[in-house]
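Colleague: To start, I am sharing the structure in question, which I have written as C-alpha cells.
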Amino acid sequence: MNILVLGSGGREHTFAWKIAKSSHCENLFVAPGNSGTKSIATNLDISVTDFEAIKEAVLENNIDLVVVGPEDPLVLGVHDFFLEDQDLKNVAVIGPQKAAAELEGSKEFAKEFMMRHKIPTAAYQSFTKDNVEEGYKFLETLNAPYVLKADGLAAGKGVLILNDLEEAKTELKNMLVDAKFGNASTKVVIEEFLDGIELSCFVLTDGKDYKILPTAKDYKRIGEGDTGLNTGGMGAVSPVPFATDDFLSKIENQIVKPTVEGLQKDNLPYVGFIFIGLIKVGDDPKVIEYNVRMGDPETEVVLPRLKTDLVAIFKAMANGTLADIKIEIDERAATTIMLVSGGYPEAYEKGKEITGLEKVEDSIVFHAGANDTDGKVVTSGGRVMAVTSYGDSYQEAIKKSYQSIEKLHFDKMYYRKDIGFDL
C-alpha cells in the first residue's frame, strides 16, 4: 500500500516509524512532516487543512490509505471530503467523519453525548456572552477550584483551573466577552472540579467493534511537580501503574462500551482512534474529555509497545473487520521525555541547531518541532523532540531516557526532570 500520514509532530513521526516497519507498506508519505519523518518517508510540503492540495498528492502518488494525525482536519471534515469526492471515495481514511469529530471540536457536544449515554463525567453548564451573568451565579454554587473550558479547539490550552472565585468570574468574562481564545471561547463550559489522578485510554474502532490500546499518563504542565502553564505535554508513561485489572474493567464497561455504542445509536460514523482523557476519583473512572485522534506525547509511548502490524490494524478498521485482529502488546514499560524550546509555552526562538542525535543508542528520538535545514536538524517549534525508552519498569525506562537526553543539545533546551514523580 501507498500510505499518507497527515501532520508534522512527534505523534506523526511515531506513526511513520511504526508504519515503515510494516510489510503492507510500499511507499510512505508525510504531509508536511519534519526532520524525523524525512529519514523514513517522503515529506510533502502541504498544510493538513489544504484539502485540495491533499487530494492532488493522493492522486499523484496513488495513495491507498490516509492516516490523520491532528484534530483540525478531522473537525473540518477531511474524511467527509474524501467520501464526497468521486476520485477519492475509495481511499481509506483513518479518522472519524465531521459529525463524530465534534466530540473533540465542541466541549458542549461531548458533555451532552456523555449525559445522553450515561457516561460518568463532571457536572457542568454552558454559557455565552449573552448569559455571562448566569455564569457568575453558577460559579457561586460551586466549590473551588473552578474549571473553565473554551468550547472549541484552542490547541490544548483552552482549559483554566482557578482557585479564586473573583478570578474565575474575571476569566469567564475574558473568555466570553473579550474573546481570550478567539472563536474557541464564544461558548464556555463551566464544570465541577474532579479531584484525582489523570490517565488516558486509547481505543481503536471500525464503528462497530473496538480494541483497547495500552493506557498512558502524560504530564501537561511546564514546571516540575505539575506547576506552571499548560503545554501540549512534557512527557508520558505507559502502562499506568495504578490502572489495575479491576480499574481497567471499569473503564471498558462504564466508558468504552457505552461510548462506542453511543456513536452507533447517534449515527456518528467513526473509523479511527478515540482518545479518552480520564480521571480516577476514588476507585472510579470519570471522563474529562474526548479527543478524536491519538494523543501527543502519549503516541510516543503507546505505539512503541504495540507488537501487531499497525497497517494490518488500519486495513481491518477500514474494512470493518477489526474484531478479527488480535492486538499484541510488549510487556515492557515505555516512557518519553519531551525536550522543549526555552520560553515555551510562551514566546520562544526557532532555528537552534540540535546536536548529539547520532550518539543516542538506548532510546528512540521522535522529532516534533524540528526541521532539516541545509543538512542540519534545527528547532522549528515549542516541543522539539520526544526521547522514548523501554524498560522492565517505568523507573528503568525513565532513567534510560534521561541518560540519552544528556547526549543531546540545543540552545536553551528545557525538559522536566520529574516525569513519573506522582506514580
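Naming works like this for the C-alpha cells: A, B, ... for the chains as they're shown, residue 1 at the start of each chain, ligands 1 onward in shown order.
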DSSP says strand (DSSP E) for which residues of region 14-232 of chain A? Put them as a VMD selection string?
Modeller: chain A and resid 27 to 32 42 to 43 65 to 68 92 to 94 124 to 128 146 to 150 159 to 162 187 to 191 197 to 205 210 to 212 217 to 218 221 to 223 227 to 230
Colleague: Please identify all polymer residues within 12 Å of Val132 (chain A), counting only C-alpha atoms, omitting same-chain residues fewer than 3 positions from it, and present them as a ChimeraX atom specification.
Modeller: /A:125-129,135-139,168-178,186-190
Colleague: Residues as selected, C-alpha atoms, written as a PDB file, in the first residue's frame, can you do that?
Modeller:
```
ATOM      1  CA  GLN A 125     -23.274  24.101  32.414  1.00  0.00           C
ATOM      2  CA  SER A 126     -22.504  26.090  29.229  1.00  0.00           C
ATOM      3  CA  PHE A 127     -22.580  29.875  28.802  1.00  0.00           C
ATOM      4  CA  THR A 128     -22.186  32.525  26.081  1.00  0.00           C
ATOM      5  CA  LYS A 129     -21.602  36.286  26.346  1.00  0.00           C
ATOM      6  CA  GLY A 135     -22.291  32.047  34.542  1.00  0.00           C
ATOM      7  CA  TYR A 136     -21.181  34.141  37.530  1.00  0.00           C
ATOM      8  CA  LYS A 137     -24.135  32.787  39.538  1.00  0.00           C
ATOM      9  CA  PHE A 138     -23.310  29.183  38.565  1.00  0.00           C
ATOM     10  CA  LEU A 139     -19.703  29.694  39.698  1.00  0.00           C
ATOM     11  CA  ALA A 168     -12.822  32.779  37.842  1.00  0.00           C
ATOM     12  CA  LYS A 169     -15.502  35.414  37.128  1.00  0.00           C
ATOM     13  CA  THR A 170     -12.899  37.715  35.532  1.00  0.00           C
ATOM     14  CA  GLU A 171     -11.548  34.901  33.354  1.00  0.00           C
ATOM     15  CA  LEU A 172     -15.079  33.891  32.308  1.00  0.00           C
ATOM     16  CA  LYS A 173     -15.594  37.478  31.102  1.00  0.00           C
ATOM     17  CA  ASN A 174     -12.159  37.435  29.376  1.00  0.00           C
ATOM     18  CA  MET A 175     -13.109  34.258  27.516  1.00  0.00           C
ATOM     19  CA  LEU A 176     -16.697  35.130  26.550  1.00  0.00           C
ATOM     20  CA  VAL A 177     -16.715  38.919  26.177  1.00  0.00           C
ATOM     21  CA  ASP A 178     -13.069  39.677  25.324  1.00  0.00           C
ATOM     22  CA  THR A 186     -17.601  32.140  22.157  1.00  0.00           C
ATOM     23  CA  LYS A 187     -19.096  29.448  24.396  1.00  0.00           C
ATOM     24  CA  VAL A 188     -17.574  28.298  27.697  1.00  0.00           C
ATOM     25  CA  VAL A 189     -18.306  25.142  29.681  1.00  0.00           C
ATOM     26  CA  ILE A 190     -18.036  25.512  33.459  1.00  0.00           C
TER      27      ILE A 190
END
```
Colleague: If you count only C-alpha atoms, which residues fall within 8 Å of region 402-404 of chain A, apart from same-chain ones fewer than 5 positions away, as a list in words?
Modeller: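 These residues fall inside the cut-off: Ile337, Val360, Glu361, Asp362, Ser363, Val387 and Lys417 of chain A.
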Colleague: Name the closest residue to Tyr146 (chain A) among the candidates A:Thr355, A:Glu192, A:Phe82, A:Lys107; distances are taken between atoms, counting only C-alpha atoms.
Modeller: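 The shortest atom-to-atom distance to Tyr146 (chain A) comes from A:Glu192.
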Colleague: Which one is closest to Leu160 (chain A): A:Leu194, A:Val260, A:Ile94, A:Leu229? Count only C-alpha atoms.
Modeller: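 Smallest distance to Leu160 (chain A) is found for A:Leu229.
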Colleague: With a cut-off of 9 Å, could you pull out the residues of region 184-232 of chain A touching region 281-296 of chain A and give me the nearest pair of atoms for each, distance in Å to one decimal, using only C-alpha atoms, ordered by chain and ascending number, as CSV?
Modeller:
```
residue,atom,partner,partner_atom,distance
A:Leu194,CA,A:Val281,CA,7.0
A:Asp195,CA,A:Val281,CA,6.2
A:Gly196,CA,A:Val281,CA,4.8
A:Ile197,CA,A:Val281,CA,7.2
A:Glu198,CA,A:Ile288,CA,8.8
A:Ser200,CA,A:Gly295,CA,8.6
A:Phe202,CA,A:Met294,CA,7.3
A:Asp218,CA,A:Asp296,CA,8.6
A:Gly232,CA,A:Asp296,CA,7.2
```
Colleague: Which polymer residues have any atom within 7 Å of an atom of His79 (chain A), counting only C-alpha atoms, with same-chain residues fewer than 6 positions away left out, as number ranges by chain?
Modeller: A: 93, 95-97
Colleague: Check the smallest atom-to-atom distance from each of A:Lys265, A:Lys149, A:Lys250, A:Lys217 to Met234 (chain A) using only C-alpha atoms, then report the winner.
Modeller: A:Lys217
Colleague: I'd like the contact shell of region 16-28 of chain A - 7 Å cut-off, only C-alpha atoms, skipping same-chain residues fewer than 6 positions apart - returned as a list in words.
Modeller: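 The contact residues come out as Met1, Asn2, Ile3, Leu4, Thr37, Ile40, Ala41, Thr42, Asp309, Leu310 and Val311 of chain A.
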Colleague: Mind giving me the straight-line distance from CA of Asp324 (chain A) to CA of Gln264 (chain A) in Å, one decimal?
Modeller: 19.5 Å
Colleague: Give me, please, the distance in Å between CA of Leu44 (chain A) and CA of Tyr270 (chain A), quoted to one decimal.
Modeller: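 Distance between the two atoms: 26.7 Å.
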Colleague: Extract, using only C-alpha atoms, all DNA, RNA and protein residues at most 6 Å from Gly233 (chain A), discarding same-chain residues fewer than 2 positions from it, and format them as a CSV table (one decimal) with C-alpha atoms, in the first residue's frame.
Modeller:
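Generated output (result20.csv):
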```csv
chain,number,residue,atom,x,y,z
A,219,TYR,CA,2.3,15.5,32.1
A,220,LYS,CA,0.8,18.7,30.9
A,231,THR,CA,1.6,22.7,27.5
A,235,GLY,CA,6.3,13.5,28.9
```
Colleague: Could you give me the residues within region 46-138 of chain A that DSSP places in alpha helix (DSSP H), as a VMD selection string?
Modeller: chain A and resid 51 to 60 71 to 75 78 to 83 98 to 105 107 to 116 132 to 138
Colleague: With only C-alpha atoms as the atoms that count, which of A:Leu423, A:Leu162, A:Val203, A:Ile63 lies nearest to Met317 (chain A)?
Modeller: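 Using only C-alpha atoms, Met317 (chain A) sits closest to A:Val203.
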Colleague: For Leu76 (chain A), list every protein, DNA or RNA residue within 12 Å, evaluated using only C-alpha atoms, and leave out those in the same chain fewer than 5 positions away; present the list as a ChimeraX atom specification.
Modeller: /A:48-51,68,70-71,81,95-102,104-105,153
